[in-house]
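Undergrad: Dropping in work-v4.txt, which is compact mmCIF, C-alpha atoms:
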# COMPACT_ATOMS: atom_id res chain seq x y z
CA MET A 23 97.08 82.31 120.89
CA HIS A 24 99.24 85.41 120.33
CA THR A 25 99.97 84.29 116.74
CA PHE A 26 96.29 84.43 115.82
CA VAL A 27 95.91 87.91 117.30
CA ARG A 28 98.87 89.20 115.24
CA VAL A 29 97.55 87.61 112.03
CA GLY A 30 94.12 89.16 112.69
CA ALA A 31 95.64 92.60 113.27
CA CYS A 32 97.76 92.34 110.11
CA GLY A 33 94.71 91.27 108.12
CA ALA A 34 92.78 94.31 109.35
CA VAL A 35 95.64 96.65 108.35
CA ILE A 36 95.87 95.09 104.88
CA ALA A 37 92.09 95.34 104.41
CA ALA A 38 92.14 99.02 105.42
CA ALA A 39 95.01 99.75 102.99
CA VAL A 40 93.25 97.98 100.11
CA THR A 41 89.99 99.80 100.87
CA THR A 42 91.81 103.17 100.85
CA VAL A 43 93.50 102.43 97.51
CA MET A 44 90.18 101.28 96.02
CA GLY A 45 88.51 104.48 97.27
CA VAL A 46 91.18 106.60 95.57
CA GLU A 47 90.71 104.68 92.31
CA ILE A 48 86.91 105.09 92.45
CA THR A 49 87.30 108.83 93.09
CA ARG A 50 89.77 109.14 90.21
CA ALA A 51 87.42 107.23 87.87
CA ALA A 52 84.51 109.50 88.84
CA ALA A 53 86.60 112.62 88.09
CA GLU A 54 87.56 111.19 84.70
CA ALA A 55 83.90 110.39 83.93
CA GLY A 56 82.96 113.99 84.71
CA THR A 57 79.75 115.71 85.71
CA THR A 58 76.95 115.82 83.16
CA VAL A 59 75.12 119.14 83.20
CA VAL A 60 71.91 119.84 81.29
CA LEU A 61 71.82 123.20 79.50
CA ASP A 62 68.54 125.08 79.96
CA SER A 63 67.10 127.98 77.99
CA ASP A 64 67.85 130.39 80.83
CA LEU A 65 69.89 133.56 80.53
CA ARG A 66 72.24 134.20 83.46
CA ARG A 67 74.40 136.98 84.81
CA CYS A 68 78.10 136.37 85.29
CA ASP A 69 77.56 135.47 88.96
CA PHE A 70 75.21 132.65 87.77
CA SER A 71 72.04 134.42 88.93
CA LEU A 72 69.06 134.20 86.58
CA ILE A 73 68.04 137.12 84.39
CA SER A 74 64.28 137.40 84.20
CA THR A 75 63.41 137.85 80.56
CA ASP A 76 60.30 139.41 79.08
CA PRO A 77 58.42 136.61 77.26
CA MET A 78 57.86 138.99 74.35
CA VAL A 79 61.61 139.62 74.02
CA ALA A 80 63.09 136.30 75.13
CA HIS A 81 64.55 133.98 72.55
CA PRO A 82 64.70 130.59 74.20
CA GLY A 83 66.80 127.74 72.94
CA LEU A 84 65.33 125.72 70.14
CA GLY A 85 67.64 122.72 70.56
CA THR A 86 68.81 120.52 73.41
CA GLY A 87 72.15 121.02 75.13
CA SER A 88 74.39 119.30 77.65
CA ALA A 89 77.97 119.46 78.85
CA VAL A 90 80.32 116.98 80.48
CA ILE A 91 82.58 118.87 82.86
CA ARG A 92 85.81 117.35 84.12
CA HIS A 93 88.58 118.74 86.25
CA SER A 94 92.10 117.54 86.74
CA GLY A 95 94.57 119.33 88.94
CA SER A 96 94.44 123.02 88.11
CA SER A 97 92.30 122.89 84.96
CA ALA A 98 88.68 122.29 83.97
CA THR A 99 87.36 120.94 80.68
CA ALA A 100 83.84 121.16 79.29
CA GLU A 101 82.74 118.99 76.38
CA VAL A 102 79.68 120.90 75.17
CA HIS A 103 76.97 119.40 72.93
CA LEU A 104 74.01 121.03 71.20
CA THR A 105 71.56 118.90 69.23
CA ASP A 106 68.44 119.52 67.16
CA SER A 107 69.16 123.16 66.38
CA PRO A 108 66.62 124.03 63.68
CA GLU A 109 69.10 125.75 61.34
CA PRO A 110 72.12 123.81 60.09
CA GLY A 111 75.28 125.91 59.71
CA THR A 112 74.40 128.23 62.60
CA HIS A 113 77.32 129.65 64.58
CA PHE A 114 77.25 129.53 68.39
CA ASP A 115 79.71 131.02 70.87
CA VAL A 116 80.46 128.80 73.86
CA GLY A 117 81.94 129.91 77.17
CA LEU A 118 83.28 128.19 80.28
CA ILE A 119 82.82 130.51 83.28
CA GLN A 120 84.53 130.07 86.66
CA GLU A 121 82.74 130.78 89.94
CA PRO A 122 82.55 132.51 92.32
CA ARG A 123 82.52 135.93 90.66
CA PRO A 124 81.06 139.20 91.84
CA ALA A 125 77.76 140.31 90.32
CA SER A 126 79.57 143.34 88.89
CA ALA A 127 82.17 141.25 87.03
CA THR A 128 81.92 140.68 83.29
CA CYS A 129 82.34 137.22 81.79
CA GLY A 130 82.77 137.65 78.08
CA PRO A 131 85.61 136.47 75.86
CA GLY A 132 88.96 137.61 77.27
CA ASP A 133 87.68 138.30 80.79
CA PRO A 134 89.60 136.65 83.67
CA GLY A 135 88.22 133.25 84.63
CA THR A 136 86.59 132.60 81.26
CA ALA A 137 87.41 130.58 78.18
CA PHE A 138 85.49 130.87 74.91
CA SER A 139 85.28 128.94 71.69
CA GLY A 140 82.57 128.28 69.16
CA PHE A 141 81.10 125.85 66.68
CA ASP A 142 78.86 125.77 63.62
CA THR A 143 76.05 123.23 63.58
CA ASP A 144 76.25 120.43 61.02
CA ALA A 145 73.59 119.36 58.52
CA ALA A 146 71.60 117.68 61.31
CA GLY A 147 71.71 120.80 63.50
CA ASP A 148 74.26 119.34 65.94
CA GLY A 149 77.47 120.85 67.25
CA THR A 150 80.18 119.94 69.76
CA VAL A 151 83.17 121.78 71.17
CA THR A 152 85.63 121.10 73.98
CA ILE A 153 86.96 123.99 76.08
CA THR A 154 89.80 123.72 78.62
CA GLU A 155 90.80 126.47 81.02
CA GLY A 156 93.26 126.80 83.89
CA LEU A 157 91.49 127.34 87.20
CA ARG A 158 92.07 130.55 89.15
CA PRO A 159 92.85 130.26 92.86
CA GLY A 160 89.61 130.09 94.84
CA THR A 161 87.50 128.68 91.99
CA THR A 162 84.86 126.32 93.38
CA GLY A 163 82.89 125.53 90.22
CA VAL A 164 82.33 126.21 86.53
CA TRP A 165 79.33 126.61 84.25
CA VAL A 166 78.71 126.81 80.51
CA ILE A 167 76.93 129.31 78.26
CA ILE A 168 76.00 128.86 74.59
CA GLU A 169 74.82 131.91 72.64
CA ARG A 170 73.80 132.67 69.07
CA GLY A 171 74.27 136.31 68.16
CA ASN A 172 71.41 138.56 67.14
CA PRO A 173 72.15 141.08 64.35
CA HIS A 174 69.27 143.30 65.52
CA SER A 175 69.90 143.37 69.28
CA GLN A 176 72.58 143.11 71.95
CA ASN A 177 70.56 140.26 73.46
CA PRO A 178 71.40 136.83 72.07
CA ALA A 179 69.00 135.34 69.52
CA GLU A 180 69.27 131.93 71.21
CA PHE A 181 70.91 130.91 74.49
CA TYR A 182 71.54 127.99 76.83
CA THR A 183 73.22 127.93 80.25
CA SER A 184 74.15 125.25 82.78
CA GLU A 185 71.41 124.05 85.08
CA PHE A 186 73.88 124.23 87.99
CA VAL A 187 77.49 125.16 88.73
CA ALA A 188 79.60 122.00 88.47
CA PRO A 189 82.01 121.68 91.41
CA VAL A 190 85.74 121.55 90.67
If you convert what's in this file into structure tokens, what do you get?

TA:
Amino acid sequence: MHTFVRVGACGAVIAAAVTTVMGVEITRAAAEAGTTVVLDSDLRRCDFSLISTDPMVAHPGLGTGSAVIRHSGSSATAEVHLTDSPEPGTHFDVGLIQEPRPASATCGPGDPGTAFSGFDTDAAGDGTVTITEGLRPGTTGVWVIIERGNPHSQNPAEFYTSEFVAPV
């Protein structure tokens, strides 16, 4: 009788160990797959709050954007895609912004907790860029901004930002 009890207890320990290892592998696979974030035609402040734009002045996005955000250890990577931009050969600046940040903080190229790159759309109006940045201590999430400059204003001519802050 005691033999069966020991075998049952050992079986339970082995099942718990296998379940834990499988859980770690599933978590690791989910991190590698990343978080898909839709990019909306919303302009945001550096603390991720929305900027209300005057409809007469606003220049919403004309294409469709998304980003796949991954994190591994102390870095985050965003693979950013823009499709259906109406003008092939258009240059866009792309930023990866770490949160939280104070409302008074800036988040342009060269600012702490940001990484910027860019791309030019191809003949079909599509563009892709991958940005990787080391995470600052205390960072809880990241978001993406895509902007097309405006030669006649400090406001961007076209813009897209993450629908939500992706946790890291």

Undergrad: What lies within 12 Å of Phe70 (chain A) using only C-alpha atoms, ignoring chain neighbours under 2 positions off, as JSON, numbers by chain?

TA: {"A": [64, 65, 66, 67, 68, 72, 73, 118, 119, 120, 121, 122, 123, 124, 125, 126, 127, 128, 129, 163, 164, 165, 166, 167, 183, 184, 185, 186, 187, 188]}

Undergrad: Near His103 (chain A), within 7 Å and counting only C-alpha atoms, which residues show up once chain neighbours fewer than 6 positions away are dropped, as a count of residues only?

TA: 6

Undergrad: I'd like the interatomic distance between CA of Ala55 (chain A) and CA of Val90 (chain A), to a tenth of an Å.

TA: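 So the answer is 8.3 Å.
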
Undergrad: Box time for region 178-187 of chain A: axis-aligned, enclosing all its listed atoms, 6 Å extra on each side; report centre and edge lengths in Å to one decimal, as lines of an AutoDock Vina configuration file.

TA:
center_x = 73.2
center_y = 130.4
center_z = 79.1
size_x = 20.5
size_y = 24.8
size_z = 31.2

Undergrad: CA of Phe138 (chain A) and CA of Val102 (chain A) are how many Å apart?

TA: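 Separation between CA of Phe138 (chain A) and CA of Val102 (chain A): 11.5 Å.
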
Undergrad: Could you list, as a PyMOL selection string, every residue within 8 Å of Glu155 (chain A), counting all atoms listed in the file and ignoring same-chain residues fewer than 3 positions away?

TA: chain A and resi 97-99+118+136-137

Undergrad: Rounded to one decimal in Å, what is the spacing between CA of Gly56 (chain A) and CA of Asp69 (chain A)?

TA: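 Between these atoms lies a distance of 22.6 Å.
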
Undergrad: Here is a test: counting only C-alpha atoms, which residue of A:Thr105, A:Gly156, A:Ile168, A:Arg92 is nearest to Val190 (chain A)?

TA: A:Arg92

Undergrad: With distances taken over only C-alpha atoms, which of A:Thr86, A:Ser96, A:Thr161, A:Ser74 is nearest to Tyr182 (chain A)?

TA: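 Of A:Thr86, A:Ser96, A:Thr161, A:Ser74, the one nearest Tyr182 (chain A) is A:Thr86, counting only C-alpha atoms.
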
Undergrad: For Val59 (chain A), which residue among A:Thr143, A:Glu101, A:Thr154, A:Ser175 is the nearest when counting all atoms listed in the file?

TA: A:Glu101

Undergrad: Looking at A:Leu104, A:Pro134, A:Gly111, A:Arg170, which one is nearest to Thr152 (chain A), with distances taken over all atoms listed in the file?

TA: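 Distance minimum relative to Thr152 (chain A) lands on A:Leu104.
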